[in-house]
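To keep things clear, I will list the structure first and then write my remarks on it.
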Protein chains: 2
Amino acid sequence: MSWLETSTDNCTVHRTLDLVGEKWSLLLLRDAMNGVRRFDDFRRHIGLSEAVLADRLRKLVAAGILESVAYREPGSRTRYEYRLTRKGWDLWPAMIALKQWGDRYTADPEGPPLEVHHADCGEPLRAAVVCEAGHGPLIPPEARTRPGPSARPLG
Amino acid sequence: MSWLETSTDNCTVHRTLDLVGEKWSLLLLRDAMNGVRRFDDFRRHIGLSEAVLADRLRKLVAAGILESVAYREPGSRTRYEYRLTRKGWDLWPAMIALKQWGDRYTADPEGPPLEVHHADCGEPLRAAVVCEAGHGPLIPPEARTRPGPSARPLG
């Protein structure tokens with residue numbers, strides 16, 4: 001069964017994009033990965049309306065990508081902050097890969113506004129494709145696809 | 001300048017998502033990376049309307065991510081097929097990273113509908129974050145950020 005003859009109904013990229021493939025959701029995750037946790041900080045930094053921000057946070061919590069944790073400052077009511085779960089942090093390679101592409105093709109002439117480097121050696125990070133036997137970084141001609149266990153014919 | 005004090009106006013992740021961060025655009029790129037090239041094949045496989053498909057293809061061509069190439073079958077008028085450019089193929093690590101996350105968290109119980117492996121050794125591919133000195137795969141606590149050359153204060 002070729003890819004063109006395979007149903008996309010259970011495509012895992014499609015399902016991923018249904019959960020996080022909306023610009024503001026990914027930008028919230030970008031900020032969360034950079035340490036932003038509080039509603040007002042997300043709102044002020046990203047410039048989203050309260051309604052849209054609350055909706056996107058709610059969806060990311062429902063998907064198990066963020067978790068809300070109560071906190072209380074002296075003299076204030078209880079509020080919630082939003083922390084990445086393991087499931088959320090597992091999107092880190094995708095975020096680094098998107099940033100890498102953006103740094104190459106969309107940055108201002110002087111470079112990107114944020115740099116990410118390896119704490120130990122100081123060298124910039126790169127998103128790479130490797131194989132489980134440790135070969136790589138690989139390029140697309142070195143990859144092959146085959147139908148997976150849930151492949152179904154296009155309806 | 002902390003990330004929270006840094007303007008997001010020139011964020012390269014934001015600019016990337018303005019170009020490709022729409023579900024159907026990324027699904028078109030998924031299909032293109034799997035060898036789909038023709039308008040009718042995209043339409044039939046992804047199930048998009050002609051109008052939406054034509055719009056997304058036009059935007060991806062305008063962004064230099066796809067290029068349209070004329071072809072002509074005997075007895076037919078000239079048509080166009082869509083091929084990934086180098087700039088488009090440079091999104092491959094991001095696509096593999098999104099698929100990897102989806103395979104882990106969204107696949108049917110029996111597994112994903114498509115598997116990608118290393119042609120040479122047959123092992124599955126993985127998206128990894130490494131550093132330019134060759135260390136890795138790295139995890140988020142091993143990374144640090146700092147303001148880049150185009151960092152500007154939040155307005």
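So you can find residues: chains in the structure tokens are A, B, ... in the order shown, residues in each start at 1, and ligands are numbered from 1 in order.
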
I'd like the neighbourhood of Arg86 (chain B) as a PDB file with N, CA and C atoms, in the first residue's frame, where a residue qualifies if any of its atoms comes within 10 Å (using only C-alpha atoms), though same-chain residues fewer than 5 positions away should be ignored.
ATOM      1  N   GLY B  64       8.489  29.899  -1.137  1.00  0.00           N
ATOM      2  CA  GLY B  64       9.694  29.209  -1.600  1.00  0.00           C
ATOM      3  C   GLY B  64       9.880  27.828  -0.994  1.00  0.00           C
ATOM      4  N   ILE B  65       8.798  27.291  -0.427  1.00  0.00           N
ATOM      5  CA  ILE B  65       8.863  25.981   0.233  1.00  0.00           C
ATOM      6  C   ILE B  65       8.518  24.871  -0.762  1.00  0.00           C
ATOM      7  N   LEU B  66       7.606  25.164  -1.665  1.00  0.00           N
ATOM      8  CA  LEU B  66       7.307  24.283  -2.796  1.00  0.00           C
ATOM      9  C   LEU B  66       7.617  25.058  -4.075  1.00  0.00           C
ATOM     10  N   LEU B  91      12.436  21.513   6.441  1.00  0.00           N
ATOM     11  CA  LEU B  91      11.423  21.297   7.487  1.00  0.00           C
ATOM     12  C   LEU B  91      11.295  19.823   7.873  1.00  0.00           C
TER      13      LEU B  91
END

Using only C-alpha atoms, find the residues of chain B whose closest atom to chain A is at most 6 Å away, then write them as a count of residues only.
-> 45

Would you list the contacts of region 74-82 of chain B as number ranges by chain, taking every protein, DNA or RNA residue within 8 Å and counting only C-alpha atoms, but skipping same-chain residues closer than 5 positions in sequence?
-> B: 32, 37-39, 66-69

Writer output for current selection, C-alpha atoms, as a compact mmCIF listing (two decimals), in the first residue's frame:
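Wrote it out as part09.txt, contents follow:
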# COMPACT_ATOMS: atom_id res chain seq x y z
CA ALA B 32 4.91 16.20 -0.30
CA ARG B 37 3.17 15.97 -6.18
CA ARG B 38 -0.05 16.48 -8.11
CA PHE B 39 -2.99 18.68 -7.29
CA LEU B 66 7.31 24.28 -2.80
CA GLU B 67 8.00 24.96 -6.46
CA SER B 68 5.54 24.32 -9.25
CA VAL B 69 6.87 22.45 -12.28

Mind the document's chain letters and residue numbers, and return as a VMD selection string the residues of region 3-72 of chain B that DSSP labels strand (DSSP E).
-> chain B and resid 66 to 71

Please, could you write that set of residues out with N, CA and C atoms as a PDB file, in the first residue's frame?
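That gives us again29.pdb:
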ATOM      1  N   LEU B  66       7.606  25.164  -1.665  1.00  0.00           N
ATOM      2  CA  LEU B  66       7.307  24.283  -2.796  1.00  0.00           C
ATOM      3  C   LEU B  66       7.617  25.058  -4.075  1.00  0.00           C
ATOM      4  N   GLU B  67       7.924  24.319  -5.146  1.00  0.00           N
ATOM      5  CA  GLU B  67       8.001  24.958  -6.462  1.00  0.00           C
ATOM      6  C   GLU B  67       7.061  24.216  -7.393  1.00  0.00           C
ATOM      7  N   SER B  68       6.446  24.961  -8.302  1.00  0.00           N
ATOM      8  CA  SER B  68       5.539  24.318  -9.253  1.00  0.00           C
ATOM      9  C   SER B  68       6.304  24.070 -10.552  1.00  0.00           C
ATOM     10  N   VAL B  69       6.148  22.870 -11.085  1.00  0.00           N
ATOM     11  CA  VAL B  69       6.867  22.449 -12.285  1.00  0.00           C
ATOM     12  C   VAL B  69       5.835  21.966 -13.298  1.00  0.00           C
ATOM     13  N   ALA B  70       5.913  22.499 -14.506  1.00  0.00           N
ATOM     14  CA  ALA B  70       4.944  22.127 -15.541  1.00  0.00           C
ATOM     15  C   ALA B  70       5.184  20.698 -16.015  1.00  0.00           C
ATOM     16  N   TYR B  71       4.094  19.986 -16.286  1.00  0.00           N
ATOM     17  CA  TYR B  71       4.214  18.685 -16.926  1.00  0.00           C
ATOM     18  C   TYR B  71       3.022  18.523 -17.859  1.00  0.00           C
TER      19      TYR B  71
END

Run DSSP on the backbone of this structure and report the residues of region 15-101 of chain B it assigns to alpha helix (DSSP H), as a VMD selection string.
-> chain B and resid 15 to 20 23 to 33 39 to 46 50 to 62 86 to 89 92 to 101

Please write the residues from the selection above to a file, keeping N, CA and C atoms, as a short mmCIF file (atom, residue, chain, number, x, y, z; two decimals), in the first residue's frame.
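Final file, result.cif:
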data_model
loop_
_atom_site.label_atom_id
_atom_site.label_comp_id
_atom_site.auth_asym_id
_atom_site.auth_seq_id
_atom_site.Cartn_x
_atom_site.Cartn_y
_atom_site.Cartn_z
N ARG B 15 7.45 33.64 13.10
CA ARG B 15 7.50 33.85 11.65
C ARG B 15 7.39 32.53 10.88
N THR B 16 7.98 31.48 11.45
CA THR B 16 7.86 30.15 10.83
C THR B 16 6.41 29.71 10.80
N LEU B 17 5.72 29.90 11.93
CA LEU B 17 4.32 29.47 12.01
C LEU B 17 3.43 30.33 11.10
N ASP B 18 3.82 31.60 10.86
CA ASP B 18 3.05 32.41 9.91
C ASP B 18 3.15 31.81 8.50
N LEU B 19 4.25 31.12 8.21
CA LEU B 19 4.42 30.53 6.88
C LEU B 19 3.85 29.11 6.78
N VAL B 20 4.09 28.31 7.80
CA VAL B 20 3.69 26.89 7.70
C VAL B 20 2.84 26.42 8.87
N LYS B 23 -2.64 23.93 9.97
CA LYS B 23 -2.72 22.48 9.89
C LYS B 23 -2.64 21.95 8.47
N TRP B 24 -3.41 22.52 7.57
CA TRP B 24 -3.45 21.96 6.21
C TRP B 24 -2.15 22.20 5.46
N SER B 25 -1.47 23.30 5.78
CA SER B 25 -0.17 23.53 5.14
C SER B 25 0.82 22.45 5.57
N LEU B 26 0.85 22.15 6.86
CA LEU B 26 1.77 21.12 7.34
C LEU B 26 1.38 19.74 6.82
N LEU B 27 0.08 19.49 6.64
CA LEU B 27 -0.32 18.19 6.11
C LEU B 27 0.01 18.08 4.62
N LEU B 28 -0.04 19.20 3.90
CA LEU B 28 0.43 19.19 2.52
C LEU B 28 1.91 18.86 2.47
N LEU B 29 2.67 19.44 3.38
CA LEU B 29 4.12 19.18 3.40
C LEU B 29 4.38 17.73 3.80
N ARG B 30 3.59 17.21 4.72
CA ARG B 30 3.69 15.78 5.06
C ARG B 30 3.54 14.94 3.80
N ASP B 31 2.49 15.22 3.01
CA ASP B 31 2.27 14.44 1.80
C ASP B 31 3.39 14.66 0.78
N ALA B 32 3.84 15.91 0.65
CA ALA B 32 4.91 16.20 -0.30
C ALA B 32 6.17 15.42 0.07
N MET B 33 6.46 15.32 1.37
CA MET B 33 7.65 14.58 1.81
C MET B 33 7.48 13.08 1.57
N PHE B 39 -1.84 18.04 -7.90
CA PHE B 39 -2.99 18.68 -7.29
C PHE B 39 -4.10 17.68 -6.96
N ASP B 40 -4.48 16.88 -7.95
CA ASP B 40 -5.58 15.93 -7.72
C ASP B 40 -5.22 14.88 -6.68
N ASP B 41 -3.96 14.51 -6.62
CA ASP B 41 -3.54 13.53 -5.61
C ASP B 41 -3.61 14.14 -4.20
N PHE B 42 -3.13 15.37 -4.05
CA PHE B 42 -3.25 16.06 -2.75
C PHE B 42 -4.73 16.14 -2.35
N ARG B 43 -5.56 16.56 -3.31
CA ARG B 43 -6.97 16.78 -3.00
C ARG B 43 -7.65 15.49 -2.56
N ARG B 44 -7.39 14.45 -3.29
CA ARG B 44 -8.04 13.18 -3.00
C ARG B 44 -7.51 12.59 -1.68
N HIS B 45 -6.20 12.72 -1.48
CA HIS B 45 -5.60 12.07 -0.31
C HIS B 45 -5.91 12.82 0.97
N ILE B 46 -5.85 14.15 0.92
CA ILE B 46 -6.03 14.95 2.14
C ILE B 46 -7.51 15.28 2.34
N GLU B 50 -11.01 22.13 -3.39
CA GLU B 50 -10.08 22.69 -4.39
C GLU B 50 -9.63 24.09 -4.01
N ALA B 51 -10.56 24.88 -3.47
CA ALA B 51 -10.24 26.28 -3.18
C ALA B 51 -9.20 26.37 -2.05
N VAL B 52 -9.41 25.60 -0.99
CA VAL B 52 -8.47 25.66 0.14
C VAL B 52 -7.11 25.09 -0.28
N LEU B 53 -7.15 23.98 -1.01
CA LEU B 53 -5.90 23.39 -1.46
C LEU B 53 -5.12 24.36 -2.34
N ALA B 54 -5.80 24.99 -3.31
CA ALA B 54 -5.12 25.92 -4.20
C ALA B 54 -4.51 27.08 -3.42
N ASP B 55 -5.24 27.55 -2.40
CA ASP B 55 -4.73 28.65 -1.58
C ASP B 55 -3.47 28.24 -0.83
N ARG B 56 -3.51 27.07 -0.20
CA ARG B 56 -2.35 26.64 0.59
C ARG B 56 -1.14 26.36 -0.29
N LEU B 57 -1.38 25.76 -1.46
CA LEU B 57 -0.27 25.50 -2.37
C LEU B 57 0.35 26.83 -2.84
N ARG B 58 -0.51 27.77 -3.16
CA ARG B 58 -0.03 29.07 -3.62
C ARG B 58 0.85 29.73 -2.56
N LYS B 59 0.41 29.65 -1.30
CA LYS B 59 1.19 30.27 -0.22
C LYS B 59 2.53 29.57 -0.03
N LEU B 60 2.53 28.25 -0.13
CA LEU B 60 3.78 27.51 0.05
C LEU B 60 4.75 27.77 -1.11
N VAL B 61 4.20 27.95 -2.31
CA VAL B 61 5.06 28.31 -3.45
C VAL B 61 5.60 29.73 -3.25
N ALA B 62 4.74 30.64 -2.82
CA ALA B 62 5.17 32.03 -2.61
C ALA B 62 6.26 32.10 -1.54
N ARG B 86 14.78 22.97 -1.44
CA ARG B 86 15.70 22.76 -0.32
C ARG B 86 15.12 23.37 0.96
N LYS B 87 14.56 24.58 0.82
CA LYS B 87 13.94 25.25 1.97
C LYS B 87 12.80 24.40 2.54
N GLY B 88 12.03 23.76 1.65
CA GLY B 88 10.95 22.89 2.11
C GLY B 88 11.49 21.64 2.79
N TRP B 89 12.49 21.01 2.19
CA TRP B 89 13.06 19.80 2.80
C TRP B 89 13.71 20.11 4.14
N TRP B 92 12.08 18.97 7.25
CA TRP B 92 11.98 17.53 7.53
C TRP B 92 12.24 17.18 9.00
N PRO B 93 13.27 17.74 9.64
CA PRO B 93 13.43 17.41 11.08
C PRO B 93 12.21 17.81 11.92
N ALA B 94 11.60 18.94 11.60
CA ALA B 94 10.40 19.34 12.35
C ALA B 94 9.26 18.35 12.11
N MET B 95 9.12 17.89 10.87
CA MET B 95 8.05 16.93 10.55
C MET B 95 8.29 15.60 11.27
N ILE B 96 9.54 15.14 11.26
CA ILE B 96 9.86 13.89 11.96
C ILE B 96 9.60 14.05 13.46
N ALA B 97 9.92 15.22 14.00
CA ALA B 97 9.71 15.45 15.44
C ALA B 97 8.22 15.46 15.77
N LEU B 98 7.40 16.07 14.92
CA LEU B 98 5.95 16.07 15.16
C LEU B 98 5.39 14.66 15.04
N LYS B 99 5.88 13.91 14.05
CA LYS B 99 5.40 12.53 13.88
C LYS B 99 5.79 11.66 15.08
N GLN B 100 7.01 11.87 15.55
CA GLN B 100 7.49 11.07 16.69
C GLN B 100 6.60 11.30 17.92
N TRP B 101 6.28 12.57 18.17
CA TRP B 101 5.41 12.89 19.31
C TRP B 101 4.03 12.26 19.08
#
